[in-house]
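upload_10.cif, holding mmCIF, C-alpha atoms and all ligand atoms:
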data_my_file
loop_
_atom_site.label_atom_id
_atom_site.label_comp_id
_atom_site.auth_asym_id
_atom_site.auth_seq_id
_atom_site.Cartn_x
_atom_site.Cartn_y
_atom_site.Cartn_z
CA MET A 1 -4.81 28.70 95.48
CA ASP A 2 -8.36 27.62 94.60
CA ALA A 3 -9.59 28.48 98.05
CA ILE A 4 -8.92 32.20 97.48
CA PRO A 5 -9.89 33.78 94.15
CA THR A 6 -6.91 35.17 92.26
CA SER A 7 -8.28 38.72 92.23
CA ILE A 8 -8.63 38.74 96.03
CA PHE A 9 -5.06 37.42 96.32
CA TYR A 10 -3.72 40.24 94.15
CA ILE A 11 -5.65 42.90 96.08
CA GLY A 12 -4.28 41.42 99.32
CA ALA A 13 -0.76 41.32 97.84
CA ALA A 14 -1.07 44.99 96.80
CA ILE A 15 -2.22 46.10 100.26
CA LEU A 16 0.48 44.02 101.98
CA GLY A 17 3.13 45.42 99.61
CA LEU A 18 2.08 49.00 100.37
CA GLU A 19 2.00 48.37 104.13
CA LEU A 20 5.44 46.74 104.06
CA GLY A 21 6.60 49.71 101.98
CA GLY A 22 5.29 52.02 104.72
CA LEU A 23 7.18 50.03 107.36
CA ALA A 24 10.29 50.08 105.17
CA SER A 25 10.07 53.90 104.90
CA ILE A 26 9.90 54.21 108.67
CA PHE A 27 12.90 51.85 109.00
CA ILE A 28 14.89 53.86 106.41
CA GLN A 29 14.09 57.20 108.03
CA ARG A 30 14.87 56.03 111.57
CA TRP A 31 18.02 54.13 110.59
CA ILE A 32 19.45 57.16 108.79
CA ASP A 33 18.50 59.46 111.69
CA GLU A 34 20.01 56.93 114.14
CA LEU A 35 16.75 56.62 116.03
CA PRO A 36 15.60 53.35 117.64
CA VAL A 37 14.01 51.43 114.77
CA LEU A 38 11.59 49.27 116.73
CA LYS A 39 10.36 51.92 119.16
CA PRO A 40 6.71 52.60 118.48
CA GLY A 41 5.88 56.18 117.71
CA ARG A 42 4.44 58.28 114.97
CA SER A 43 6.33 59.63 112.00
CA ARG A 44 7.41 63.24 112.08
CA CYS A 45 7.86 65.86 109.39
CA PRO A 46 11.62 66.14 108.80
CA SER A 47 11.36 69.94 108.43
CA CYS A 48 9.12 71.11 111.26
CA GLU A 49 9.17 67.93 113.39
CA HIS A 50 5.39 68.05 113.71
CA THR A 51 4.02 64.60 114.53
CA LEU A 52 2.04 63.31 111.57
CA ALA A 53 -1.51 62.05 112.05
CA TRP A 54 -2.35 58.57 110.76
CA ARG A 55 -4.29 60.08 107.86
CA ASP A 56 -1.07 61.77 106.70
CA THR A 57 0.86 58.50 106.66
CA ILE A 58 -1.34 56.29 104.45
CA PRO A 59 1.01 54.80 101.84
CA VAL A 60 1.01 56.69 98.51
CA LEU A 61 -2.50 58.11 99.04
CA SER A 62 -1.46 60.69 101.64
CA TYR A 63 1.29 61.92 99.35
CA PHE A 64 -1.23 62.85 96.69
CA LEU A 65 -3.86 64.15 99.12
CA LEU A 66 -1.28 66.52 100.62
CA GLY A 67 0.28 67.38 97.26
CA GLY A 68 3.69 66.17 98.53
CA ARG A 69 3.81 68.90 101.19
CA CYS A 70 3.66 68.94 104.98
CA ARG A 71 0.26 70.03 106.33
CA HIS A 72 1.95 72.18 108.98
CA CYS A 73 4.99 73.82 107.41
CA ASP A 74 4.31 73.36 103.68
CA ASN A 75 7.80 71.95 103.03
CA PRO A 76 8.13 69.06 100.55
CA ILE A 77 7.73 65.73 102.34
CA GLY A 78 7.38 62.08 101.50
CA GLY A 79 8.49 61.96 97.86
CA GLN A 80 11.24 59.44 98.59
CA TYR A 81 8.94 57.41 100.81
CA MET A 82 6.33 57.22 98.12
CA LEU A 83 9.02 55.75 95.83
CA VAL A 84 9.78 53.12 98.49
CA GLU A 85 6.09 52.27 98.84
CA ILE A 86 5.55 52.01 95.10
CA SER A 87 8.67 49.84 94.72
CA CYS A 88 7.39 47.48 97.42
CA LEU A 89 3.92 47.44 95.84
CA ALA A 90 5.39 46.55 92.44
CA TRP A 91 7.64 43.88 93.97
CA SER A 92 4.77 42.32 95.93
CA LEU A 93 2.62 42.05 92.79
CA ALA A 94 5.53 40.73 90.71
CA VAL A 95 6.36 37.92 93.17
CA ALA A 96 2.62 37.23 93.60
CA TYR A 97 2.38 36.71 89.85
CA HIS A 98 5.57 34.65 89.78
CA PHE A 99 5.02 32.36 92.77
CA GLY A 100 1.24 32.48 93.37
CA LEU A 101 -0.14 32.27 96.91
CA SER A 102 2.63 30.29 98.58
CA LEU A 103 5.34 30.40 101.21
CA GLU A 104 7.75 31.27 98.36
CA TRP A 105 5.77 34.45 97.73
CA GLY A 106 5.80 35.46 101.43
CA VAL A 107 9.52 34.84 101.89
CA HIS A 108 10.51 36.68 98.70
CA LEU A 109 8.16 39.55 99.56
CA VAL A 110 10.04 40.06 102.83
CA LEU A 111 13.52 39.56 101.33
CA GLY A 112 12.76 41.93 98.43
CA THR A 113 11.40 44.58 100.81
CA MET A 114 14.66 44.31 102.77
CA LEU A 115 16.68 44.78 99.56
CA ILE A 116 14.56 47.82 98.61
CA ALA A 117 15.04 49.40 102.06
CA GLY A 118 18.78 48.65 101.92
CA SER A 119 19.05 50.20 98.46
CA PHE A 120 17.44 53.49 99.53
CA ILE A 121 19.69 53.65 102.60
CA ASP A 122 22.76 52.89 100.43
CA PHE A 123 21.83 55.68 97.99
CA GLU A 124 21.59 58.14 100.85
CA THR A 125 24.42 57.05 103.16
CA PHE A 126 26.67 54.56 101.25
CA LEU A 127 26.00 52.17 104.15
CA LEU A 128 24.03 48.94 104.37
CA PRO A 129 22.54 48.00 107.76
CA ASN A 130 23.63 44.60 109.13
CA ARG A 131 20.03 44.01 110.07
CA ILE A 132 19.28 43.85 106.37
CA THR A 133 22.38 42.15 104.96
CA ILE A 134 23.15 39.62 107.72
CA GLY A 135 19.49 39.28 108.66
CA GLY A 136 18.57 38.71 105.03
CA ALA A 137 21.36 36.17 104.52
CA GLY A 138 20.12 34.24 107.57
CA LEU A 139 16.51 34.36 106.40
CA ALA A 140 17.40 33.27 102.86
CA LEU A 141 19.53 30.37 104.15
CA ALA A 142 16.79 29.25 106.52
CA ALA A 143 14.23 29.48 103.71
CA SER A 144 16.37 27.29 101.44
CA PHE A 145 15.72 24.35 103.83
CA VAL A 146 11.95 24.83 103.60
CA LEU A 147 11.08 26.16 100.15
CA THR A 148 10.65 23.79 97.23
CA GLU A 149 11.28 26.46 94.57
CA GLY A 150 14.65 28.18 94.39
CA PRO A 151 18.09 26.94 95.50
CA ASP A 152 18.41 23.97 97.90
CA TRP A 153 20.40 24.61 101.07
CA GLN A 154 23.73 23.45 99.63
CA ASP A 155 23.33 25.77 96.65
CA ALA A 156 22.22 28.67 98.90
CA MET A 157 25.16 28.11 101.26
CA ALA A 158 27.62 27.91 98.36
CA GLY A 159 26.09 31.09 96.86
CA ALA A 160 26.45 32.99 100.14
CA LEU A 161 30.07 31.89 100.61
CA PHE A 162 31.07 32.47 97.01
CA GLY A 163 29.23 35.83 96.68
CA GLY A 164 30.70 37.19 99.91
CA GLY A 165 34.13 35.67 99.19
CA LEU A 166 34.33 37.08 95.68
CA PHE A 167 33.52 40.60 96.86
CA TRP A 168 35.93 40.26 99.80
CA ILE A 169 38.73 39.41 97.34
CA MET A 170 37.68 42.32 95.10
CA GLN A 171 37.67 44.71 98.06
CA HIS A 172 41.19 43.67 99.10
CA GLY A 173 42.47 43.61 95.51
CA TYR A 174 41.17 47.13 94.90
CA ARG A 175 42.72 48.35 98.15
CA LEU A 176 46.15 46.97 97.15
CA TRP A 177 45.87 48.29 93.60
CA ARG A 178 44.46 51.79 94.14
CA LYS A 179 45.42 52.35 97.80
CA GLU A 180 41.84 53.45 98.50
CA GLU A 181 38.48 51.94 99.36
CA GLY A 182 36.34 50.85 96.43
CA LEU A 183 33.88 48.38 97.91
CA GLY A 184 32.36 48.67 101.34
CA THR A 185 32.09 45.81 103.80
CA GLY A 186 28.33 46.23 103.53
CA ASP A 187 28.56 45.15 99.90
CA ILE A 188 30.32 41.92 100.95
CA LYS A 189 27.58 41.09 103.46
CA LEU A 190 24.94 42.04 100.90
CA MET A 191 26.49 39.55 98.47
CA CYS A 192 26.15 36.82 101.12
CA MET A 193 22.42 37.61 101.25
CA ILE A 194 22.08 37.74 97.46
CA GLY A 195 24.10 34.52 97.01
CA ALA A 196 21.84 32.77 99.51
CA MET A 197 18.77 33.99 97.59
CA THR A 198 19.93 33.03 94.09
CA GLY A 199 22.13 30.06 94.97
CA LEU A 200 25.54 29.57 93.40
CA SER A 201 23.87 28.67 90.10
CA GLY A 202 22.02 32.00 89.88
CA LEU A 203 24.82 34.19 91.19
CA PRO A 204 26.60 34.91 87.84
CA PHE A 205 23.32 36.15 86.35
CA ALA A 206 22.61 38.43 89.33
CA ILE A 207 26.17 39.85 89.33
CA LEU A 208 26.08 40.37 85.55
CA VAL A 209 22.81 42.34 85.71
CA GLY A 210 24.15 44.27 88.71
CA ALA A 211 27.39 45.13 86.89
CA LEU A 212 25.64 46.20 83.68
CA THR A 213 23.02 48.38 85.39
CA GLY A 214 25.74 49.65 87.75
CA ALA A 215 27.86 50.72 84.76
CA VAL A 216 24.93 52.59 83.23
CA GLY A 217 24.13 54.08 86.64
CA SER A 218 27.76 55.20 87.08
CA ILE A 219 27.72 57.08 83.79
CA VAL A 220 24.46 58.80 84.72
CA TYR A 221 25.94 59.64 88.14
CA MET A 222 29.18 61.04 86.66
CA LEU A 223 27.36 63.18 84.13
CA SER A 224 24.78 64.49 86.61
CA PRO A 225 25.24 68.12 87.72
CA SER A 226 25.84 67.03 91.34
CA GLY A 227 28.44 64.43 90.27
CA LYS A 228 32.20 64.89 90.51
CA GLY A 229 33.17 63.36 87.17
CA MET A 230 35.43 60.31 87.47
CA LYS A 231 35.66 60.84 91.23
CA THR A 232 31.93 60.37 91.77
CA ARG A 233 31.17 57.72 94.39
CA ILE A 234 28.50 55.23 93.42
CA PRO A 235 26.59 52.93 95.76
CA PHE A 236 26.70 49.36 94.39
CA GLY A 237 24.08 47.85 96.71
CA PRO A 238 21.05 49.06 94.71
CA PHE A 239 22.40 47.62 91.45
CA LEU A 240 23.37 44.27 93.01
CA SER A 241 19.91 44.13 94.59
CA LEU A 242 18.34 44.85 91.22
CA GLY A 243 20.37 42.01 89.70
CA CYS A 244 19.20 39.64 92.43
CA MET A 245 15.54 40.62 92.09
CA THR A 246 15.71 40.32 88.30
CA TYR A 247 17.10 36.81 88.71
CA ILE A 248 14.32 35.81 91.12
CA LEU A 249 11.67 36.91 88.61
CA TYR A 250 13.22 36.19 85.22
CA GLY A 251 16.42 34.19 85.81
CA GLU A 252 15.07 30.83 84.73
CA PRO A 253 13.45 31.80 81.42
CA ILE A 254 16.42 34.00 80.45
CA SER A 255 18.92 31.22 81.33
CA ARG A 256 16.90 28.72 79.28
CA TRP A 257 16.78 31.16 76.35
CA TRP A 258 20.54 31.69 76.68
CA ILE A 259 21.30 27.94 76.71
CA ALA A 260 19.01 27.43 73.69
CA LEU A 261 21.09 29.97 71.77
ZN ZN A 301 6.42 70.09 108.38
#

Would it be possible to restate this file's structure as structure tokens?
Amino acid sequence: MDAIPTSIFYIGAAILGLELGGLASIFIQRWIDELPVLKPGRSRCPSCEHTLAWRDTIPVLSYFLLGGRCRHCDNPIGGQYMLVEISCLAWSLAVAYHFGLSLEWGVHLVLGTMLIAGSFIDFETFLLPNRITIGGAGLALAASFVLTEGPDWQDAMAGALFGGGLFWIMQHGYRLWRKEEGLGTGDIKLMCMIGAMTGLSGLPFAILVGALTGAVGSIVYMLSPSGKGMKTRIPFGPFLSLGCMTYILYGEPISRWWIAL
């Protein structure tokens, strides 16, 4: 850490967060449009399909330079993607502050970016890509062998199995009880990823935060003009992800405070 001044590290973390946010936006857009995700190619305006020049795709900055509108057709563009980029920027700085310049920071930067991308996709489509959930579970499990901070591999493995298992039971229970789908299979796989990130010991905290914010979110959803009252469908992935990311940043101090009470 001494080799690189802290300020330089934070500037680097900010730039990396924004760039990853830009990549995440491209992934989200292409995944939803069912386009090949890894094929190189420039972004297009969703309204007029004009190919965007590089200067129109600089994270956050382009949005403000263009006033949130396409240069060619003047339709609104990029508002959602700016939210993705700002979320990734905030996450990168938060884990930089929490972990310092370390492998822990790099791994959590990537895993958090995956959760952010998954959350935006879930909001839009009620689906979670396997590339994110299964890929993230694999990455988090592999990281548990290497990282010194966070769960050891037994804890990560137990978290993945218990998180996924619990949601699998809930999915089947709900199906038997209500004769309809409540939880998606994507949520089960997401819980494997989250369990591997928090470990079994951190899982209750992450689920509790996810359930509480999800309950608040559900009420907001139901009352919103586009909602359908009690029949409104709510994506759970974003709230579970929020619970996981809150645990990564604040789980330990809050748990200590809780035990002290
Ligand atoms: Zn356009």

Counting all atoms listed in the file, name the residues that have an atom within 6 Å of an atom of ligand ZN 301 (chain A); the answer should be given as a PDB file with C-alpha atoms, in the coordinates of the input.
ATOM      1  CA  CYS A  45       7.860  65.860 109.390  1.00  0.00           C
ATOM      2  CA  SER A  47      11.360  69.940 108.430  1.00  0.00           C
ATOM      3  CA  CYS A  48       9.120  71.110 111.260  1.00  0.00           C
ATOM      4  CA  HIS A  50       5.390  68.050 113.710  1.00  0.00           C
ATOM      5  CA  CYS A  70       3.660  68.940 104.980  1.00  0.00           C
ATOM      6  CA  HIS A  72       1.950  72.180 108.980  1.00  0.00           C
ATOM      7  CA  CYS A  73       4.990  73.820 107.410  1.00  0.00           C
ATOM      8  CA  ASN A  75       7.800  71.950 103.030  1.00  0.00           C
TER       9      ASN A  75
END

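Of the residues under consideration (A:Met197, A:Leu111, A:Leu16, A:Cys244), A:Cys244 shows the shortest atom-to-atom contact distance to Thr213 in chain A when counting only C-alpha atoms.
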
Give me, as CSV, each residue of range 220-254 of chain A that comes within 12 Å of range 116-139 of chain A, together with its shortest interatomic pair and the distance in Å at one decimal, counting all atoms listed in the file, with rows ordered by chain and rising residue number.
residue,atom,partner,partner_atom,distance
A:Tyr221,CA,A:Phe123,CA,11.4
A:Arg233,CA,A:Phe126,CA,8.8
A:Ile234,CA,A:Phe126,CA,8.1
A:Pro235,CA,A:Phe126,CA,5.7
A:Phe236,CA,A:Asp122,CA,8.0
A:Gly237,CA,A:Ser119,CA,5.8
A:Pro238,CA,A:Ser119,CA,4.4
A:Phe239,CA,A:Ser119,CA,8.2
A:Leu240,CA,A:Ser119,CA,9.1
A:Ser241,CA,A:Ser119,CA,7.2
A:Leu242,CA,A:Ile116,CA,8.8
A:Cys244,CA,A:Ile116,CA,11.3
A:Met245,CA,A:Ile116,CA,9.8

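Shortest separation to Pro5 in chain A among A:Leu101, A:Ala158, A:Leu65, A:Ala24 occurs at residue A:Leu101, atoms counted being all atoms listed in the file.
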
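CA of Ala156 in chain A is found 26.4 Å from CA of Gly21 in chain A.
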